[in-house]
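Coordinates from run-v5.txt are shown below (compact mmCIF, C-alpha atoms).
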```txt
# COMPACT_ATOMS: atom_id res chain seq x y z
CA MET F 1254 22.62 136.19 161.10
CA LEU F 1255 19.21 137.78 160.68
CA HIS F 1256 16.69 135.20 159.50
CA ILE F 1257 13.58 136.56 157.81
CA VAL F 1258 10.51 134.34 157.56
CA ASN F 1259 7.41 135.51 155.71
CA LYS F 1260 5.12 132.50 155.50
CA SER F 1261 2.74 131.07 158.09
CA PRO F 1262 4.16 128.00 159.85
CA PHE F 1263 0.76 126.38 159.37
CA GLU F 1264 1.05 126.74 155.60
CA ARG F 1265 4.77 126.19 154.90
CA THR F 1266 7.81 124.63 156.53
CA ALA F 1267 9.95 127.76 156.22
CA LEU F 1268 9.78 128.72 159.91
CA GLN F 1269 10.49 125.17 161.01
CA SER F 1270 13.45 124.92 158.65
CA CYS F 1271 14.70 128.33 159.78
CA LEU F 1272 14.59 127.28 163.44
CA GLN F 1273 16.48 124.09 162.57
CA HIS F 1274 19.22 126.11 160.89
CA ALA F 1275 19.55 129.09 163.22
CA LEU F 1276 22.54 129.43 165.54
CA ALA F 1277 22.77 130.84 169.07
CA GLY F 1278 22.87 134.62 168.90
CA ASP F 1279 20.91 134.77 165.64
CA ALA F 1280 17.80 136.91 165.22
CA ILE F 1281 14.59 135.63 163.64
CA LEU F 1282 12.17 138.19 162.23
CA LEU F 1283 8.62 137.18 161.35
CA ILE F 1284 7.02 139.33 158.64
CA GLU F 1285 3.91 139.16 156.46
CA ASP F 1286 1.94 135.93 157.04
CA ALA F 1287 4.64 134.50 159.34
CA VAL F 1288 3.47 136.78 162.17
CA VAL F 1289 0.53 134.41 162.77
CA GLY F 1290 3.12 131.99 164.15
CA ALA F 1291 3.97 134.39 166.96
CA LEU F 1292 0.79 133.92 168.99
CA ALA F 1293 0.98 132.29 172.41
CA GLY F 1294 -0.76 128.94 172.66
CA SER F 1295 -0.31 127.82 169.07
CA CYS F 1296 1.17 124.45 168.20
CA VAL F 1297 4.47 126.12 167.23
CA ALA F 1298 4.75 128.10 170.47
CA ALA F 1299 6.87 125.43 172.18
CA GLU F 1300 9.42 125.47 169.35
CA LEU F 1301 9.60 129.26 169.45
CA GLN F 1302 9.90 129.19 173.23
CA ALA F 1303 12.87 126.86 172.91
CA ALA F 1304 14.45 129.18 170.34
CA LEU F 1305 14.07 132.16 172.70
CA ALA F 1306 16.63 130.53 175.00
CA ASP F 1307 19.53 131.65 172.80
CA LYS F 1308 18.07 133.61 169.89
CA SER F 1309 16.09 136.86 169.53
CA LEU F 1310 12.65 136.67 168.00
CA TYR F 1311 10.78 139.57 166.46
CA ALA F 1312 7.43 140.12 164.75
CA LEU F 1313 6.69 143.02 162.41
CA ALA F 1314 3.98 145.07 164.15
CA PRO F 1315 2.30 146.45 161.00
CA ASP F 1316 1.79 142.87 159.80
CA LEU F 1317 0.23 141.89 163.16
CA GLN F 1318 -2.03 144.92 163.03
CA ALA F 1319 -3.03 144.19 159.45
CA ARG F 1320 -4.16 140.73 160.49
CA GLY F 1321 -6.02 141.82 163.64
CA LEU F 1322 -3.52 140.18 165.99
CA ALA F 1323 -3.04 142.21 169.19
CA PRO F 1324 0.56 142.40 170.46
CA GLU F 1325 -0.63 141.24 173.93
CA ARG F 1326 -1.44 137.86 172.40
CA LEU F 1327 2.14 137.16 171.34
CA LEU F 1328 4.30 134.55 172.98
CA ALA F 1329 6.19 136.30 175.78
CA GLY F 1330 9.70 137.14 174.65
CA ILE F 1331 8.82 137.92 171.03
CA GLU F 1332 9.47 141.61 170.47
CA THR F 1333 7.34 143.68 168.09
CA VAL F 1334 9.22 145.92 165.66
CA ASP F 1335 8.36 148.38 162.91
CA TYR F 1336 9.97 148.86 159.49
CA ALA F 1337 12.58 151.25 160.92
CA ASP F 1338 13.57 148.56 163.43
CA PHE F 1339 13.66 146.04 160.57
CA VAL F 1340 16.25 148.25 158.90
CA ASP F 1341 18.20 148.49 162.17
CA LEU F 1342 18.19 144.70 162.49
CA SER F 1343 19.64 144.41 159.00
CA VAL F 1344 22.40 146.83 160.01
CA ALA F 1345 23.14 145.00 163.27
CA HIS F 1346 23.52 141.63 161.53
CA GLU F 1347 26.22 141.38 158.90
CA ARG F 1348 24.38 138.57 157.14
CA ASN F 1349 20.73 137.85 156.53
CA GLN F 1350 18.78 135.01 154.98
CA SER F 1351 15.21 135.10 153.72
CA TRP F 1352 13.51 131.72 154.16
CA LEU F 1353 11.45 131.64 150.95
CA MET V 590 36.58 144.01 141.99
CA ALA V 591 35.96 142.71 145.50
CA VAL V 592 35.40 138.99 145.89
CA LYS V 593 32.48 138.01 148.06
CA LYS V 594 31.28 134.59 149.02
CA PHE V 595 27.84 134.00 147.51
CA MET V 596 25.56 131.25 148.80
CA TYR V 597 22.50 130.33 146.76
CA ILE V 598 19.75 128.62 148.73
CA ASN V 599 17.37 126.24 146.96
CA ARG V 600 14.45 124.92 149.00
CA LYS V 601 11.85 124.25 146.32
CA ALA V 602 11.15 121.33 144.00
CA PRO V 603 11.50 121.92 140.25
CA TYR V 604 8.68 122.43 137.74
CA GLY V 605 5.88 123.24 140.19
CA THR V 606 7.26 126.77 140.27
CA VAL V 607 9.85 128.68 138.24
CA TYR V 608 12.30 129.27 141.08
CA ALA V 609 14.57 126.29 140.37
CA LEU V 610 15.08 127.26 136.73
CA GLU V 611 15.53 130.98 137.29
CA SER V 612 17.82 130.57 140.32
CA LEU V 613 20.15 128.41 138.23
CA GLU V 614 20.41 131.27 135.74
CA VAL V 615 21.58 133.56 138.56
CA VAL V 616 24.21 131.04 139.66
CA LEU V 617 25.66 130.89 136.14
CA ILE V 618 25.85 134.67 135.85
CA ALA V 619 27.51 135.02 139.26
CA ALA V 620 30.12 132.45 138.29
CA ALA V 621 31.00 134.65 135.33
CA PHE V 622 31.71 137.50 137.79
CA GLU V 623 34.47 135.42 139.39
CA GLN V 624 32.90 135.46 142.82
CA ALA V 625 33.19 132.53 145.23
CA VAL V 626 29.96 130.63 144.58
CA SER V 627 28.34 127.90 146.67
CA VAL V 628 24.94 126.41 145.99
CA ALA V 629 22.91 124.68 148.71
CA PHE V 630 20.01 122.30 148.22
CA LEU V 631 17.89 121.64 151.27
CA ASP V 632 14.26 120.79 152.05
CA ASP V 633 12.44 120.26 148.73
CA GLY V 634 15.37 121.81 146.87
CA VAL V 635 17.04 118.38 146.84
CA TYR V 636 14.54 117.28 144.19
CA GLN V 637 16.19 119.67 141.72
CA LEU V 638 19.20 117.35 141.58
CA LEU V 639 17.40 114.05 141.03
CA GLN V 640 18.48 111.92 138.10
CA GLY V 641 16.06 110.96 135.38
CA GLN V 642 13.90 114.08 135.23
CA GLN V 643 11.60 114.09 132.18
CA PRO V 644 9.73 117.39 132.24
CA GLN V 645 8.75 116.92 128.60
CA ALA V 646 5.97 114.81 130.11
CA VAL V 647 4.37 118.04 131.36
CA GLY V 648 5.43 120.08 128.35
CA MET V 649 8.35 121.79 130.07
CA LYS V 650 11.98 122.26 129.15
CA ASN V 651 14.48 119.92 130.79
CA PHE V 652 16.86 122.39 132.38
CA SER V 653 18.33 119.79 134.78
CA ALA V 654 21.02 119.18 132.17
CA THR V 655 22.30 122.69 132.92
CA PHE V 656 23.36 121.51 136.37
CA ARG V 657 25.95 119.32 134.64
CA ALA V 658 27.51 122.47 133.13
CA LEU V 659 28.11 124.05 136.54
CA GLY V 660 31.52 122.38 136.74
CA ASP V 661 32.57 124.14 133.53
CA TYR V 662 31.59 127.46 135.16
CA ASP V 663 33.83 126.70 138.13
CA VAL V 664 30.89 126.07 140.47
CA ARG V 665 32.22 123.15 142.43
CA HIS V 666 30.72 123.68 145.87
CA ILE V 667 27.26 122.14 145.67
CA TYR V 668 25.96 121.21 149.09
CA VAL V 669 23.09 118.77 149.58
CA GLU V 670 21.62 118.45 153.06
CA GLN V 671 21.56 114.85 154.26
CA GLU V 672 18.59 115.27 156.59
CA SER V 673 16.52 116.69 153.73
CA LEU V 674 17.34 113.66 151.55
CA GLN V 675 16.58 111.19 154.30
CA ALA V 676 13.27 112.82 155.23
CA ARG V 677 12.21 112.36 151.61
CA GLY V 678 13.27 108.74 151.28
CA LEU V 679 16.16 109.73 149.00
CA CYS V 680 19.86 108.98 149.03
CA ALA V 681 23.02 110.19 147.30
CA ALA V 682 22.66 107.59 144.54
CA ASP V 683 19.43 109.28 143.44
CA LEU V 684 21.27 112.47 142.54
CA MET V 685 22.79 113.48 139.21
CA PRO V 686 26.54 112.90 139.18
CA LEU V 687 27.79 116.50 138.99
CA THR V 688 31.52 116.83 138.50
CA TYR V 689 34.28 119.33 137.77
CA GLU V 690 37.86 119.00 136.56
CA ASP V 691 40.39 119.89 139.24
CA GLU V 692 43.17 121.84 137.51
CA ALA V 693 45.25 121.57 140.69
CA ASP V 694 45.14 117.78 140.49
CA ASP V 695 45.92 116.93 136.88
CA TYR V 696 42.37 117.80 135.79
CA GLN V 697 40.99 114.79 137.60
CA GLU V 698 37.22 114.60 137.54
CA LYS V 699 35.80 115.10 141.04
CA SER V 700 32.34 115.30 142.50
CA SER V 701 30.94 118.81 142.93
CA ILE V 702 28.23 117.49 145.22
CA HIS V 703 29.04 117.45 148.91
CA LEU V 704 26.59 115.75 151.21
CA VAL V 705 26.51 117.69 154.44
CA SER V 706 24.64 117.47 157.70
CA ARG V 707 22.18 120.19 158.68
CA GLN V 708 24.63 121.37 161.32
CA ALA V 709 27.49 121.60 158.83
CA LEU V 710 25.32 123.39 156.26
CA THR V 711 24.23 125.92 158.89
CA ALA V 712 27.87 126.70 159.65
CA LEU V 713 28.69 126.94 155.94
CA ILE V 714 25.87 129.39 155.22
CA ALA V 715 27.08 131.58 158.08
CA GLU V 716 30.49 131.88 156.39
CA HIS V 717 29.06 133.47 153.24
CA ASP V 718 28.74 137.22 152.67
CA VAL V 719 25.66 137.22 150.45
CA VAL V 720 22.83 134.70 150.84
CA LEU V 721 20.35 134.67 147.97
CA SER V 722 17.06 132.76 148.21
CA PHE V 723 14.50 132.32 145.49
CA MET Q 1472 24.89 151.28 154.81
CA LYS Q 1473 24.52 150.60 151.12
CA TYR Q 1474 21.71 148.20 150.24
CA ILE Q 1475 20.58 146.17 147.31
CA VAL Q 1476 17.01 144.92 147.56
CA MET Q 1477 15.79 142.01 145.44
CA VAL Q 1478 12.05 141.75 144.72
CA ASN Q 1479 11.02 138.30 143.55
CA GLU Q 1480 7.24 138.65 143.36
CA GLY Q 1481 4.76 140.72 141.42
CA PRO Q 1482 2.51 143.44 142.82
CA TYR Q 1483 -0.70 142.45 144.62
CA GLN Q 1484 -0.22 138.68 144.19
CA HIS Q 1485 2.19 138.55 147.14
CA GLN Q 1486 2.97 141.03 149.88
CA ALA Q 1487 6.66 140.90 148.97
CA ALA Q 1488 6.55 143.97 146.74
CA ASP Q 1489 4.74 145.98 149.44
CA THR Q 1490 7.18 144.92 152.15
CA ALA Q 1491 10.13 145.70 149.91
CA LEU Q 1492 8.80 149.19 149.22
CA GLN Q 1493 8.23 149.82 152.94
CA PHE Q 1494 11.72 148.57 153.73
CA VAL Q 1495 13.32 150.77 151.07
CA ARG Q 1496 11.34 153.78 152.37
CA ALA Q 1497 12.45 153.11 155.95
CA ALA Q 1498 16.08 152.56 154.96
CA LEU Q 1499 16.25 155.81 152.98
CA ALA Q 1500 14.51 157.70 155.82
CA LYS Q 1501 17.33 156.53 158.08
CA GLY Q 1502 19.94 157.91 155.73
CA HIS Q 1503 21.03 154.63 154.15
CA THR Q 1504 21.48 154.39 150.39
CA MET Q 1505 20.12 152.00 147.76
CA VAL Q 1506 22.62 150.77 145.22
CA ARG Q 1507 19.70 149.27 143.33
CA VAL Q 1508 16.35 147.54 143.60
CA PHE Q 1509 16.46 144.44 141.39
CA PHE Q 1510 13.26 142.79 140.20
CA TYR Q 1511 13.38 139.09 139.35
CA HIS Q 1512 10.89 136.26 138.72
CA ASP Q 1513 7.36 137.74 138.75
CA GLY Q 1514 8.86 140.81 140.42
CA VAL Q 1515 9.34 142.22 136.91
CA ASN Q 1516 5.57 142.83 136.85
CA ASN Q 1517 6.14 145.71 139.26
CA GLY Q 1518 7.47 147.55 136.21
CA THR Q 1519 4.39 147.52 133.98
CA ALA Q 1520 3.00 150.85 132.82
CA LEU Q 1521 -0.33 149.23 131.96
CA ALA Q 1522 -1.73 148.44 135.40
CA THR Q 1523 -4.93 150.18 136.49
CA PRO Q 1524 -5.54 149.06 140.06
CA PRO Q 1525 -8.75 150.19 141.77
CA LYS Q 1526 -8.45 153.84 142.83
CA ASP Q 1527 -9.20 153.06 146.48
CA ASP Q 1528 -6.21 150.74 146.80
CA ARG Q 1529 -2.49 151.47 146.80
CA GLN Q 1530 -1.07 152.07 143.33
CA LEU Q 1531 1.99 149.84 143.61
CA GLN Q 1532 3.54 150.14 140.17
CA ARG Q 1533 3.12 153.92 140.22
CA ALA Q 1534 4.47 154.05 143.78
CA TRP Q 1535 7.73 152.49 142.61
CA SER Q 1536 8.00 154.95 139.68
CA GLU Q 1537 7.30 157.98 141.86
CA PHE Q 1538 9.57 156.82 144.64
CA ALA Q 1539 12.35 156.21 142.13
CA ALA Q 1540 11.98 159.73 140.79
CA GLN Q 1541 11.98 161.31 144.28
CA HIS Q 1542 15.09 159.46 145.42
CA ALA Q 1543 16.93 158.81 142.15
CA LEU Q 1544 16.61 155.06 142.74
CA ASP Q 1545 18.00 152.57 140.25
CA LEU Q 1546 15.11 150.15 139.59
CA VAL Q 1547 16.31 147.29 137.44
CA ILE Q 1548 14.09 144.70 135.81
CA CYS Q 1549 15.85 141.48 134.78
CA VAL Q 1550 15.77 141.17 131.00
CA ALA Q 1551 15.37 137.37 130.88
CA ALA Q 1552 12.56 137.33 133.45
CA ALA Q 1553 10.92 140.29 131.67
CA GLN Q 1554 11.01 138.54 128.30
CA ARG Q 1555 9.24 135.52 129.80
CA ARG Q 1556 6.53 137.67 131.33
CA GLY Q 1557 5.98 140.37 128.73
CA ILE Q 1558 7.58 143.47 130.18
CA ALA Q 1559 9.47 145.41 127.52
CA ASP Q 1560 11.06 148.78 126.96
CA ASP Q 1561 11.21 150.40 123.51
CA LYS Q 1562 14.47 148.65 122.65
CA GLU Q 1563 13.16 145.20 123.61
CA ALA Q 1564 9.85 145.83 121.84
CA LYS Q 1565 11.67 146.75 118.63
CA ARG Q 1566 14.11 143.85 118.93
CA HIS Q 1567 11.37 141.26 119.35
CA HIS Q 1568 8.85 142.94 117.04
CA LEU Q 1569 6.36 143.42 119.85
CA ALA Q 1570 3.12 145.37 119.43
CA ALA Q 1571 4.16 147.84 122.11
CA ALA Q 1572 6.54 148.67 124.93
CA ASN Q 1573 5.10 148.75 128.44
CA LEU Q 1574 7.92 149.55 130.86
CA ALA Q 1575 6.87 152.03 133.54
CA PRO Q 1576 8.85 155.23 134.10
CA GLY Q 1577 11.77 155.00 136.46
CA PHE Q 1578 12.57 151.38 135.63
CA ARG Q 1579 15.26 150.08 133.28
CA ILE Q 1580 15.76 146.61 131.85
CA ALA Q 1581 19.16 144.97 132.28
CA GLY Q 1582 20.81 141.61 132.86
CA LEU Q 1583 21.38 139.54 135.99
CA GLY Q 1584 24.89 140.95 136.12
CA GLN Q 1585 23.34 144.07 137.67
CA LEU Q 1586 22.09 141.94 140.57
CA ILE Q 1587 25.50 140.40 141.19
CA ALA Q 1588 27.35 143.70 140.77
CA GLY Q 1589 24.89 145.27 143.20
CA CYS Q 1590 25.46 142.54 145.79
CA ILE Q 1591 29.19 143.07 145.47
CA GLU Q 1592 28.91 146.84 145.91
CA ALA Q 1593 26.30 146.86 148.68
CA ASP Q 1594 26.92 146.26 152.38
CA ARG Q 1595 23.63 144.44 152.75
CA THR Q 1596 21.50 142.35 150.36
CA LEU Q 1597 17.82 141.87 151.24
CA VAL Q 1598 15.56 139.47 149.36
CA PHE Q 1599 11.75 139.73 149.37
CA GLY Q 1600 9.89 136.83 147.81
CA ASP Q 1601 7.47 134.01 148.34
```

Represent the supplied structure as structure tokens.
Amino acid sequence: MLHIVNKSPFERTALQSCLQHALAGDAILLIEDAVVGALAGSCVAAELQAALADKSLYALAPDLQARGLAPERLLAGIETVDYADFVDLSVAHERNQSWL
Amino acid sequence: MAVKKFMYINRKAPYGTVYALESLEVVLIAAAFEQAVSVAFLDDGVYQLLQGQQPQAVGMKNFSATFRALGDYDVRHIYVEQESLQARGLCAADLMPLTYEDEADDYQEKSSIHLVSRQALTALIAEHDVVLSF
Amino acid sequence: MKYIVMVNEGPYQHQAADTALQFVRAALAKGHTMVRVFFYHDGVNNGTALATPPKDDRQLQRAWSEFAAQHALDLVICVAAAQRRGIADDKEAKRHHLAAANLAPGFRIAGLGQLIAGCIEADRTLVFGD
């Protein structure tokens, strides 16, 4: 399953709920405001670190750039992707769920 | 026509936004297409199923009654996440009694609502072909 | 892959419409096809012909119309959601005795059945919302 989260974890519970419902082998893609949750050292970093053990985490690079967040500041293990990669992720995963 | 398993995800409370009302309209239409339909209520979505809603108090239409018609549309797989209820100080008795008539069992009236754990709901969602969120 | 993309939010208010457009662009560039783009909730506002956004910003509603023309996309606005929010084609305007129609070129108004039929036909369903 490809999970897509678009809201900041500091504003909404979508990312938290997503992490609670994701299975090993799933991919979690942070887009739009959710990319703010990808920074190292935030209060959600530990939860994301734990998820990295058996899930893939991605952040949409154009959304990071838009918000002035340099890729070097991301939690290690979170991969940056562009829209073309986003499409590829949707192909690779038979199912996807947007956490709205 | 192919039959796919549709899962509708509801995570938002009713009335504060339009999502609860308009997502229910999608569920009803999908049922008419004879697809396999499941509806999940988790996080604040559980509030959509509370008994005793009186939205007239804020000048809004009471669409919660439409949930009772789901059984007539053959929507009998309504999943409510236990952890979401508990976190909100709610329990099964707070929910509307939604039922359907089981034609395979002498049209006995049965509950459409299935209380499931987070773990079980996660597995259920993963079994569906199309996951729609609102 | 065949896709159906669902857009649940209006232009400018949320980034959803922008992200959806970027996704559709990227998918088509990779050779995938769009069964349909279905606009629901406030997403129907992407189909207004009456928007005049500032010239130095992206012209979202027009972008959808132009993109639809270039790629023969099927952009469908949900009739029920459109009625609630005041988006109407000529037929709807006549039917409801409205002062005018305002549906942008490239869009058509139809029922929720188009969403479900699209999800059945497509290999992948993507939802962009709030």

Emit as lines of an AutoDock Vina configuration file the padded axis-aligned box for all listed atoms of range 1573-1592 of chain Q, 5 Å per side, with centre and edge lengths in Å to one decimal.
```
center_x = 17.1
center_y = 147.4
center_z = 137.2
size_x = 34.1
size_y = 25.7
size_z = 27.5
```

Spatial neighbours of range 1531-1533 of chain Q, max dist 9 Å, only C-alpha atoms, sep filter under 4 positions, as a count of residues only
16

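Shortest atom-to-atom contact with Ser1351 in chain F among Q:Asn1479, Q:Leu1574, Q:Tyr1474, Q:Glu1563: Q:Asn1479, counting only C-alpha atoms.
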
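For the pair CA of Pro1525 in chain Q and CA of Asp1286 in chain F, the separation is 23.5 Å.
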
Go through chain Q residue by residue and, counting all atoms listed in the file, keep those with an atom at most 6 Å from chain F; for each kept residue give the shortest atom pair and its distance in Å to one decimal, ordered by chain and increasing number, as JSON lines.
```
{"residue": "Q:Ala1497", "atom": "CA", "partner": "F:Ala1337", "partner_atom": "CA", "distance": 5.3}
{"residue": "Q:Ala1498", "atom": "CA", "partner": "F:Val1340", "partner_atom": "CA", "distance": 5.8}
{"residue": "Q:Asp1601", "atom": "CA", "partner": "F:Leu1353", "partner_atom": "CA", "distance": 5.3}
```

Let me make sure I understand: among V:Lys650, V:Tyr604, V:Leu704, V:Val719, which one has the smallest atom-to-atom distance to Gly1589 in chain Q if we use all atoms listed in the file?
V:Val719

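Close contacts of His1542 in chain Q, defined as residues with an atom at most 12 Å away when counting all atoms listed in the file, with chain neighbours fewer than 2 positions off set aside, comprise Val1495, Arg1496, Ala1498, Leu1499, Ala1500, Gly1502, His1503, Thr1504, Met1505, Val1506, Arg1507, Trp1535, Ser1536, Glu1537, Phe1538, Ala1539, Ala1540, Leu1544, Asp1545, Leu1546 and Gly1577 of chain Q.
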